[in-house]
>>> print(open('model15.txt').read())   # compact mmCIF, C-alpha atoms and all ligand atoms
# COMPACT_ATOMS: atom_id res chain seq x y z
CA MET A 9 -21.41 56.14 11.80
CA ASN A 10 -21.58 53.71 8.87
CA PRO A 11 -25.29 52.90 8.42
CA ASN A 12 -24.38 49.49 6.97
CA GLU A 13 -22.47 48.49 10.04
CA ILE A 14 -24.51 46.02 11.97
CA LYS A 15 -24.25 46.09 15.69
CA GLY A 16 -25.27 43.34 17.97
CA PRO A 17 -24.43 39.72 18.50
CA TYR A 18 -25.24 38.62 14.92
CA ASN A 19 -23.20 40.02 12.04
CA PRO A 20 -23.96 38.39 8.67
CA ASN A 21 -20.76 39.88 7.23
CA GLY A 22 -18.59 38.61 10.02
CA PRO A 23 -16.29 35.62 9.85
CA LYS A 24 -18.13 32.36 9.25
CA PRO A 25 -17.81 29.90 12.11
CA GLN A 26 -15.36 27.18 11.05
CA PRO A 27 -16.61 23.62 11.46
CA LYS A 28 -14.62 21.79 14.11
CA LYS A 29 -11.98 19.57 12.59
CA ARG A 30 -12.71 16.01 13.61
CA PRO A 31 -9.78 13.67 14.13
CA LEU A 32 -10.94 11.49 11.24
CA GLU A 33 -10.73 14.36 8.80
CA LEU A 34 -7.23 13.44 7.85
CA GLY A 35 -4.87 15.90 6.29
CA MET A 36 -1.96 15.21 3.99
CA GLU A 37 0.69 16.58 6.43
CA GLN A 38 2.33 13.21 7.07
CA LEU A 39 2.94 12.74 3.34
CA ALA A 40 4.80 16.06 3.00
CA GLY A 41 8.24 14.39 3.10
CA VAL A 42 7.31 11.52 0.77
CA LYS A 43 8.64 11.79 -2.79
CA LYS A 44 6.73 8.99 -4.54
CA ILE A 45 3.56 7.17 -3.50
CA ILE A 46 3.04 4.00 -5.50
CA ALA A 47 0.03 1.70 -5.23
CA VAL A 48 0.59 -2.02 -5.79
CA ALA A 49 -2.70 -3.29 -7.17
CA SER A 50 -4.34 -6.15 -9.03
CA GLY A 51 -7.84 -6.89 -10.16
CA LYS A 52 -7.70 -10.37 -8.69
CA GLY A 53 -6.84 -11.80 -5.28
CA GLY A 54 -4.03 -14.18 -4.54
CA VAL A 55 -1.76 -13.23 -7.43
CA GLY A 56 1.02 -12.18 -5.07
CA LYS A 57 0.44 -8.44 -4.61
CA SER A 58 1.55 -8.45 -0.99
CA THR A 59 4.52 -10.67 -1.77
CA VAL A 60 5.58 -8.30 -4.56
CA ALA A 61 4.93 -5.16 -2.49
CA VAL A 62 6.88 -6.43 0.55
CA ASN A 63 9.78 -7.70 -1.56
CA LEU A 64 9.87 -4.53 -3.64
CA ALA A 65 10.07 -2.47 -0.44
CA VAL A 66 12.96 -4.60 0.82
CA THR A 67 14.69 -4.36 -2.58
CA LEU A 68 14.39 -0.55 -2.67
CA ALA A 69 15.76 -0.35 0.89
CA ARG A 70 18.71 -2.56 -0.09
CA MET A 71 19.32 -0.19 -3.02
CA GLY A 72 19.73 2.65 -0.53
CA TYR A 73 16.31 4.31 -0.77
CA LYS A 74 14.20 5.39 2.19
CA VAL A 75 11.08 3.24 1.98
CA GLY A 76 7.77 2.80 3.73
CA LEU A 77 4.93 0.38 3.06
CA ALA A 78 1.32 0.80 4.11
CA ASP A 79 -0.73 -2.38 4.16
CA ALA A 80 -4.00 -1.01 2.81
CA ASP A 81 -5.66 -4.42 2.93
CA VAL A 82 -7.87 -3.85 5.95
CA TYR A 83 -9.76 -7.12 5.45
CA GLY A 84 -6.74 -9.39 5.17
CA PRO A 85 -3.57 -7.65 6.28
CA SER A 86 -0.57 -9.81 5.45
CA VAL A 87 2.35 -7.46 6.04
CA PRO A 88 2.91 -8.31 9.75
CA LYS A 89 3.27 -12.02 8.97
CA MET A 90 5.32 -11.58 5.79
CA THR A 91 7.80 -9.29 7.54
CA GLY A 92 8.02 -11.17 10.83
CA THR A 93 6.62 -8.19 12.73
CA GLU A 94 3.48 -9.88 14.04
CA GLY A 95 2.81 -8.79 17.60
CA ALA A 96 4.63 -5.47 17.21
CA VAL A 97 2.67 -2.61 18.74
CA PRO A 98 3.24 0.71 16.98
CA GLU A 99 3.76 3.67 19.27
CA VAL A 100 0.97 6.25 19.05
CA GLU A 101 1.76 9.93 19.53
CA VAL A 102 -1.10 12.16 20.67
CA TYR A 103 -1.27 15.87 19.80
CA ASP A 104 -3.67 18.50 21.10
CA GLU A 105 -5.85 20.70 18.88
CA MET A 106 -2.94 23.15 18.50
CA GLY A 107 -0.62 20.41 17.28
CA TYR A 108 1.46 20.20 20.48
CA PRO A 109 2.24 16.84 22.09
CA LEU A 110 -0.45 16.11 24.65
CA PRO A 111 1.01 15.99 28.17
CA PRO A 112 0.59 12.51 29.69
CA ASP A 113 -1.69 13.84 32.46
CA LYS A 114 -4.18 15.36 29.94
CA GLU A 115 -7.19 13.46 28.76
CA ILE A 116 -7.50 12.53 25.05
CA THR A 117 -10.45 14.42 23.58
CA ASP A 118 -12.11 14.48 20.15
CA ASP A 119 -9.92 17.42 19.17
CA CYS A 120 -6.72 15.48 19.65
CA LYS A 121 -4.92 13.89 16.75
CA GLU A 122 -3.20 10.53 16.98
CA ILE A 123 -0.20 9.74 14.82
CA MET A 124 1.12 6.19 14.56
CA VAL A 125 4.81 5.43 14.41
CA PRO A 126 5.60 2.73 11.85
CA VAL A 127 7.38 -0.51 12.75
CA GLU A 128 10.89 -0.71 11.27
CA LYS A 129 12.54 -3.88 10.00
CA TYR A 130 14.75 -4.75 7.00
CA GLY A 131 15.33 -1.01 6.56
CA VAL A 132 11.64 -0.41 5.77
CA LYS A 133 8.93 1.42 7.73
CA TRP A 134 5.86 -0.85 7.87
CA MET A 135 2.32 0.05 8.86
CA SER A 136 -0.62 -2.33 8.91
CA ILE A 137 -4.01 -2.59 10.53
CA GLY A 138 -2.83 -6.06 11.49
CA TYR A 139 -0.80 -4.44 14.29
CA PHE A 140 -4.05 -3.27 15.86
CA ALA A 141 -6.28 -6.32 15.31
CA ARG A 142 -5.80 -9.86 16.57
CA PRO A 143 -4.72 -12.15 13.72
CA GLU A 144 -7.77 -14.42 14.08
CA GLN A 145 -10.16 -11.50 14.31
CA ALA A 146 -12.29 -11.44 11.18
CA LEU A 147 -12.41 -7.90 9.95
CA ILE A 148 -16.01 -7.48 8.95
CA TRP A 149 -16.13 -3.77 8.46
CA ARG A 150 -18.61 -2.03 6.28
CA GLY A 151 -17.49 0.17 3.41
CA PRO A 152 -17.11 3.62 4.99
CA MET A 153 -15.43 2.26 8.10
CA ALA A 154 -12.98 0.15 6.12
CA CYS A 155 -12.28 3.13 3.92
CA ASN A 156 -11.49 5.35 6.90
CA ALA A 157 -9.35 2.72 8.56
CA LEU A 158 -7.22 2.27 5.52
CA LYS A 159 -6.81 5.99 4.98
CA GLN A 160 -5.62 6.20 8.58
CA MET A 161 -2.99 3.56 7.79
CA ILE A 162 -1.61 6.01 5.22
CA LEU A 163 -2.40 9.51 6.46
CA GLN A 164 -2.03 9.16 10.22
CA VAL A 165 1.45 7.66 10.17
CA ARG A 166 4.73 9.39 10.97
CA TRP A 167 6.46 8.51 7.65
CA GLY A 168 9.04 11.30 7.79
CA GLU A 169 11.32 11.63 4.76
CA LEU A 170 10.78 8.82 2.24
CA ASP A 171 11.82 8.23 -1.35
CA PHE A 172 9.07 5.66 -1.81
CA LEU A 173 5.85 4.87 0.00
CA LEU A 174 4.28 1.68 -1.35
CA LEU A 175 0.61 0.88 -0.77
CA ASP A 176 -0.38 -2.77 -0.74
CA LEU A 177 -3.99 -2.54 -1.91
CA PRO A 178 -6.67 -5.12 -1.18
CA PRO A 179 -7.70 -7.26 -4.17
CA GLY A 180 -10.34 -5.90 -6.51
CA THR A 181 -11.44 -2.63 -7.99
CA GLY A 182 -14.44 -1.77 -5.80
CA ASP A 183 -15.58 1.39 -4.04
CA ILE A 184 -12.83 1.27 -1.44
CA HIS A 185 -10.17 1.25 -4.14
CA ILE A 186 -11.75 4.03 -6.09
CA SER A 187 -12.11 6.20 -3.01
CA LEU A 188 -8.51 5.51 -2.02
CA VAL A 189 -6.84 6.05 -5.36
CA HIS A 190 -8.93 9.17 -5.78
CA ASP A 191 -8.09 10.70 -2.39
CA ILE A 192 -4.44 9.75 -1.91
CA PRO A 193 -1.97 11.76 -4.01
CA LEU A 194 -0.56 8.74 -5.83
CA THR A 195 2.43 9.16 -8.11
CA GLY A 196 1.41 6.02 -9.94
CA ALA A 197 0.53 2.36 -9.76
CA ILE A 198 2.05 -1.05 -10.37
CA ILE A 199 -0.23 -3.87 -11.43
CA VAL A 200 0.61 -7.40 -10.35
CA SER A 201 -0.70 -10.41 -12.22
CA THR A 202 0.02 -14.02 -13.01
CA PRO A 203 0.29 -15.13 -16.63
CA GLN A 204 -2.90 -17.17 -17.00
CA ALA A 205 -5.92 -15.77 -18.80
CA VAL A 206 -8.27 -15.48 -15.81
CA ALA A 207 -5.86 -13.30 -13.91
CA LEU A 208 -5.18 -11.30 -17.05
CA SER A 209 -8.80 -10.36 -17.61
CA ASP A 210 -8.67 -8.89 -14.11
CA VAL A 211 -5.61 -6.87 -15.06
CA GLU A 212 -7.89 -5.11 -17.50
CA LYS A 213 -10.12 -3.99 -14.62
CA GLY A 214 -7.10 -2.73 -12.71
CA VAL A 215 -5.80 -0.78 -15.69
CA ASN A 216 -9.23 0.68 -16.37
CA MET A 217 -9.58 1.79 -12.76
CA PHE A 218 -6.40 3.88 -12.87
CA ARG A 219 -7.22 5.19 -16.34
CA ASN A 220 -10.79 6.16 -15.41
CA PRO A 221 -10.99 9.90 -16.20
CA GLN A 222 -11.99 10.69 -12.61
CA ILE A 223 -8.91 8.92 -11.27
CA ASP A 224 -6.38 9.23 -14.08
CA LYS A 225 -3.23 8.05 -12.34
CA PRO A 226 -0.22 6.85 -14.33
CA ILE A 227 0.57 3.14 -14.40
CA TYR A 228 4.28 2.33 -14.17
CA GLY A 229 3.68 -1.13 -15.58
CA ILE A 230 2.91 -4.76 -14.80
CA ILE A 231 4.95 -7.10 -12.66
CA GLU A 232 4.29 -10.67 -13.68
CA ASN A 233 4.36 -13.05 -10.72
CA MET A 234 4.68 -16.83 -10.90
CA SER A 235 5.99 -16.43 -14.47
CA TRP A 236 7.54 -19.88 -14.42
CA PHE A 237 8.26 -22.57 -11.89
CA THR A 238 11.85 -23.25 -10.98
CA PRO A 239 12.54 -26.19 -8.65
CA ALA A 240 15.26 -25.56 -6.06
CA GLU A 241 17.27 -28.57 -7.24
CA LEU A 242 17.17 -27.46 -10.91
CA PRO A 243 17.72 -23.70 -10.67
CA ASP A 244 18.23 -23.27 -14.41
CA ASN A 245 15.00 -24.99 -15.43
CA ARG A 246 11.85 -23.03 -16.18
CA TYR A 247 8.43 -24.63 -16.39
CA TYR A 248 5.75 -22.30 -17.70
CA ILE A 249 2.89 -23.85 -15.79
CA PHE A 250 0.59 -20.81 -16.09
CA GLY A 251 1.50 -20.13 -19.74
CA LYS A 252 4.30 -18.05 -21.17
CA ASP A 253 4.45 -14.28 -21.60
CA GLY A 254 0.79 -13.64 -20.76
CA CYS A 255 1.59 -10.32 -19.09
CA LYS A 256 3.87 -9.30 -21.94
CA ALA A 257 0.91 -9.54 -24.32
CA MET A 258 -1.25 -7.62 -21.86
CA ALA A 259 1.37 -4.91 -21.38
CA GLU A 260 1.59 -4.44 -25.15
CA LYS A 261 -2.17 -4.31 -25.47
CA TYR A 262 -2.43 -1.49 -22.93
CA GLY A 263 0.73 0.32 -23.93
CA ILE A 264 2.34 -0.16 -20.52
CA GLU A 265 5.67 -1.64 -19.60
CA LEU A 266 6.34 -5.16 -18.34
CA LEU A 267 8.47 -4.17 -15.35
CA GLY A 268 9.64 -7.63 -14.40
CA GLN A 269 8.93 -11.33 -14.07
CA ILE A 270 9.15 -13.21 -10.79
CA PRO A 271 9.37 -17.00 -10.84
CA LEU A 272 7.30 -19.33 -8.69
CA VAL A 273 9.82 -20.69 -6.22
CA GLN A 274 9.14 -22.53 -3.02
CA SER A 275 11.50 -20.30 -1.03
CA VAL A 276 9.35 -17.26 -1.84
CA ARG A 277 6.33 -18.83 -0.17
CA GLU A 278 8.43 -20.07 2.73
CA GLY A 279 10.00 -16.64 3.17
CA GLY A 280 6.52 -15.12 3.28
CA ASP A 281 5.35 -17.57 5.91
CA GLU A 282 8.49 -17.22 8.01
CA GLY A 283 8.60 -13.45 7.92
CA VAL A 284 11.86 -13.26 5.99
CA PRO A 285 11.11 -11.82 2.54
CA ALA A 286 12.97 -13.54 -0.30
CA ALA A 287 14.49 -10.23 -1.46
CA THR A 288 16.47 -9.91 1.79
CA THR A 289 18.99 -12.24 0.09
CA ASP A 290 20.30 -12.30 -3.48
CA GLY A 291 18.33 -14.49 -5.85
CA PRO A 292 15.74 -14.38 -8.64
CA VAL A 293 13.26 -12.20 -6.68
CA PHE A 294 15.84 -9.58 -5.70
CA SER A 295 17.30 -9.37 -9.21
CA ALA A 296 13.88 -9.17 -10.92
CA LEU A 297 12.69 -6.46 -8.54
CA LYS A 298 15.97 -4.55 -8.71
CA SER A 299 15.57 -4.04 -12.43
CA ALA A 300 11.85 -3.23 -11.97
CA ALA A 301 12.77 -0.67 -9.27
CA ALA A 302 15.11 1.12 -11.64
CA LYS A 303 12.06 2.02 -13.76
CA LEU A 304 10.12 3.68 -10.95
N1 LIG A 401 6.59 -16.01 -6.73
C1 LIG A 401 6.07 -16.79 -5.78
N2 LIG A 401 6.57 -18.01 -5.52
C2 LIG A 401 6.03 -18.80 -4.55
N3 LIG A 401 4.98 -18.46 -3.79
C3 LIG A 401 4.44 -17.25 -4.00
C4 LIG A 401 4.95 -16.34 -4.99
N4 LIG A 401 4.20 -15.21 -4.95
C5 LIG A 401 3.28 -15.39 -3.99
N5 LIG A 401 3.42 -16.60 -3.42
C6 LIG A 401 2.60 -17.17 -2.33
O1 LIG A 401 1.22 -17.12 -2.76
C7 LIG A 401 0.37 -16.78 -1.68
C8 LIG A 401 -0.46 -15.54 -2.04
O2 LIG A 401 0.42 -14.43 -2.17
P1 LIG A 401 0.03 -12.98 -1.63
O3 LIG A 401 -0.55 -13.05 -0.28
O4 LIG A 401 1.22 -12.13 -1.85
O5 LIG A 401 -1.10 -12.60 -2.70
P2 LIG A 401 -2.07 -11.34 -2.71
O6 LIG A 401 -2.33 -11.03 -4.14
O7 LIG A 401 -1.53 -10.26 -1.86
O8 LIG A 401 -3.33 -11.96 -2.05
P3 LIG A 401 -4.64 -11.17 -1.53
O9 LIG A 401 -5.39 -10.89 -2.77
O10 LIG A 401 -5.31 -12.14 -0.62
O11 LIG A 401 -4.16 -9.92 -0.85
C9 LIG A 401 1.27 -16.58 -0.47
O12 LIG A 401 1.31 -17.76 0.26
C10 LIG A 401 2.65 -16.30 -1.09
O13 LIG A 401 3.70 -16.70 -0.24
MG MG A 402 -2.41 -9.25 -0.20
>>> encode(input="model15.txt", output="structure tokens")
Amino acid sequence: MNPNEIKGPYNPNGPKPQPKKRPLELGMEQLAGVKKIIAVASGKGGVGKSTVAVNLAVTLARMGYKVGLADADVYGPSVPKMTGTEGAVPEVEVYDEMGYPLPPDKEITDDCKEIMVPVEKYGVKWMSIGYFARPEQALIWRGPMACNALKQMILQVRWGELDFLLLDLPPGTGDIHISLVHDIPLTGAIIVSTPQAVALSDVEKGVNMFRNPQIDKPIYGIIENMSWFTPAELPDNRYYIFGKDGCKAMAEKYGIELLGQIPLVQSVREGGDEGVPAATTDGPVFSALKSAAAKL
């Protein structure tokens, strides 16, 4: 008999008990079929991130790519409204601890895993926390909860095979952003800004966040939004109300590309409010984003 062999209920050399996997410990399984994950970010709010992200998704879908978009703005989700999918209720699939679909007569326990099925419209798979919260409900979550909720919007979704998964990030460069861009296997980021100096100084923060050595994710480039104003009745006129080529200067300063310029046009705002993104039809938004998309 081996004198080192320990008999009895406790064996220090035996297999260590594995901690139970909690449903919120999200794995990367749902991203297995996704080729590129691109964050759409900005340092500043209201520069048109969501507008650009939604229209870029629609543009990529019109170009024949398989596209999904996760609205990672848990505090102010705008994707349901901008895509006319408000009120949609995503289907939720429940799996048992072995990964098999839970029979309808079985109770959902802590070991079960829920996977959300995205809402499809305009050829894009959309997911947003807005589908689970009432529009008027102020989302006053604290950091860790918000962080978990937005990771669920990305990791607990049946994306399937996608060429592009876009993430519409909330404005800013705070803890939530850092945790997200650190934990999600991003292929790269797009920074959205407007040409005026205040918005540009925030671009700097965005660029620095992705270039932070602990994050170190490539930046595809900047998309300048509201580059000039074009009135509907004078489609060839350009009024540079926020200054000209601000993002071009910024792109040169940081050695990144200016991916495209989107004009300020009333129909873009109307399209956003009506749930019909401007890029669903040919025009300045679709053509600007089509050439930007070719660089992704
Ligand atoms: N190029 C444009 N032309 C006209 N209106 C625009 C344009 N881009 C954005 N808007 C409008 O500006 C408003 C803000 O845009 P949006 O919600 O996309 O910004 P955001 O950066 O995502 O904001 P937040 O920081 O709150 O998430 C919206 O009403 C949108 O329709
Ligand atoms: Mg937004």
>>> residues_around(input="model15.txt", residues="Val48 in chain A", least_positions_apart="4", cutoff="7 Å", atoms="all atoms listed in the file", output="ChimeraX atom specification")
/A:57,61,174-177,197-199
>>> closest_atom_pairs(input="model15.txt", of="chain A", to="ligand LIG 401 (chain A)", cutoff="6 Å", atoms="all atoms listed in the file", output="JSON lines")
{"residue": "A:Gly53", "atom": "CA", "partner": "A:LIG401", "partner_atom": "O9", "distance": 3.0}
{"residue": "A:Gly54", "atom": "CA", "partner": "A:LIG401", "partner_atom": "O8", "distance": 3.4}
{"residue": "A:Val55", "atom": "CA", "partner": "A:LIG401", "partner_atom": "O6", "distance": 4.0}
{"residue": "A:Gly56", "atom": "CA", "partner": "A:LIG401", "partner_atom": "O5", "distance": 3.2}
{"residue": "A:Lys57", "atom": "CA", "partner": "A:LIG401", "partner_atom": "O6", "distance": 3.8}
{"residue": "A:Ser58", "atom": "CA", "partner": "A:LIG401", "partner_atom": "O7", "distance": 3.7}
{"residue": "A:Thr59", "atom": "CA", "partner": "A:LIG401", "partner_atom": "O4", "distance": 3.6}
{"residue": "A:Pro178", "atom": "CA", "partner": "A:LIG401", "partner_atom": "O11", "distance": 5.4}
{"residue": "A:Pro179", "atom": "CA", "partner": "A:LIG401", "partner_atom": "O9", "distance": 4.5}
{"residue": "A:Asn233", "atom": "CA", "partner": "A:LIG401", "partner_atom": "N1", "distance": 5.4}
{"residue": "A:Met234", "atom": "CA", "partner": "A:LIG401", "partner_atom": "N1", "distance": 4.7}
{"residue": "A:Ile270", "atom": "CA", "partner": "A:LIG401", "partner_atom": "N1", "distance": 5.6}
{"residue": "A:Pro271", "atom": "CA", "partner": "A:LIG401", "partner_atom": "N1", "distance": 5.1}
{"residue": "A:Leu272", "atom": "CA", "partner": "A:LIG401", "partner_atom": "N2", "distance": 3.5}
{"residue": "A:Val273", "atom": "CA", "partner": "A:LIG401", "partner_atom": "N2", "distance": 4.3}
{"residue": "A:Gln274", "atom": "CA", "partner": "A:LIG401", "partner_atom": "C2", "distance": 5.1}
{"residue": "A:Val276", "atom": "CA", "partner": "A:LIG401", "partner_atom": "C2", "distance": 4.6}
{"residue": "A:Arg277", "atom": "CA", "partner": "A:LIG401", "partner_atom": "O13", "distance": 3.4}
{"residue": "A:Gly280", "atom": "CA", "partner": "A:LIG401", "partner_atom": "O13", "distance": 4.8}
>>> atom_distance(input="model15.txt", atom1="CA of Ile137 in chain A", atom2="CA of Glu105 in chain A")
24.8 Å
>>> residues_around(input="model15.txt", residues="Glu122 in chain A", least_positions_apart="4", cutoff="12 Å", atoms="all atoms listed in the file", output="PyMOL selection string")
chain A and resi 30-34+38+98-105+107-110+116-118+160-161+163-166
>>> residues_near_point(input="model15.txt", point="(-7.2, -5.4, -13.4)", cutoff="6 Å", atoms="all atoms listed in the file", output="mmCIF file with C-alpha atoms, in the coordinates of the input")
data_model
loop_
_atom_site.group_PDB
_atom_site.id
_atom_site.type_symbol
_atom_site.label_atom_id
_atom_site.label_comp_id
_atom_site.auth_asym_id
_atom_site.auth_seq_id
_atom_site.Cartn_x
_atom_site.Cartn_y
_atom_site.Cartn_z
ATOM 1 C CA SER A 50 -4.340 -6.150 -9.030
ATOM 2 C CA GLY A 51 -7.840 -6.890 -10.160
ATOM 3 C CA ASP A 210 -8.670 -8.890 -14.110
ATOM 4 C CA VAL A 211 -5.610 -6.870 -15.060
ATOM 5 C CA GLU A 212 -7.890 -5.110 -17.500
ATOM 6 C CA LYS A 213 -10.120 -3.990 -14.620
ATOM 7 C CA GLY A 214 -7.100 -2.730 -12.710
ATOM 8 C CA VAL A 215 -5.800 -0.780 -15.690
#
>>> residues_around(input="model15.txt", residues="Pro193 in chain A", least_positions_apart="2", cutoff="10 Å", atoms="all atoms listed in the file", output="list in words")
Met36, Leu39, Lys44, Ile45, Ile46, Leu188, Val189, His190, Asp191, Thr195, Gly196 and Lys225 of chain A
>>> write_last_selection(input="model15.txt", atoms="C-alpha atoms", output="CSV table (one decimal), keeping the file's coordinate frame")
chain,number,residue,atom,x,y,z
A,36,MET,CA,-2.0,15.2,4.0
A,39,LEU,CA,2.9,12.7,3.3
A,44,LYS,CA,6.7,9.0,-4.5
A,45,ILE,CA,3.6,7.2,-3.5
A,46,ILE,CA,3.0,4.0,-5.5
A,188,LEU,CA,-8.5,5.5,-2.0
A,189,VAL,CA,-6.8,6.0,-5.4
A,190,HIS,CA,-8.9,9.2,-5.8
A,191,ASP,CA,-8.1,10.7,-2.4
A,195,THR,CA,2.4,9.2,-8.1
A,196,GLY,CA,1.4,6.0,-9.9
A,225,LYS,CA,-3.2,8.0,-12.3
>>> closest_residue(input="model15.txt", among="A:Ala40, A:Thr67, A:Thr91, A:Asp79", to="ligand MG 402 (chain A)", atoms="all atoms listed in the file")
A:Asp79
>>> atom_distance(input="model15.txt", atom1="CA of Lys303 in chain A", atom2="CA of Leu266 in chain A")
10.3 Å
>>> atom_distance(input="model15.txt", atom1="CA of Gly229 in chain A", atom2="CA of Ala259 in chain A")
7.3 Å
>>> closest_residue(input="model15.txt", among="A:Val62, A:Ile227, A:Leu68, A:Leu297", to="ligand MG 402 (chain A)", atoms="only C-alpha atoms and all ligand atoms")
A:Val62
>>> closest_residue(input="model15.txt", among="A:Leu64, A:Lys133, A:Pro85, A:Asn21", to="ligand MG 402 (chain A)", atoms="all atoms listed in the file")
A:Pro85
>>> closest_residue(input="model15.txt", among="A:Ala300, A:Leu170, A:Ala287, A:Ala141", to="Lys43 in chain A", atoms="only C-alpha atoms")
A:Leu170
>>> closest_residue(input="model15.txt", among="A:Lys129, A:Lys114, A:Lys52, A:Lys74", to="ligand MG 402 (chain A)", atoms="all atoms listed in the file")
A:Lys52
>>> residues_near_point(input="model15.txt", point="(11.5, -12.4, 11.6)", cutoff="12 Å", atoms="all atoms listed in the file", output="PyMOL selection string")
chain A and resi 87-96+128-130+279-285+288
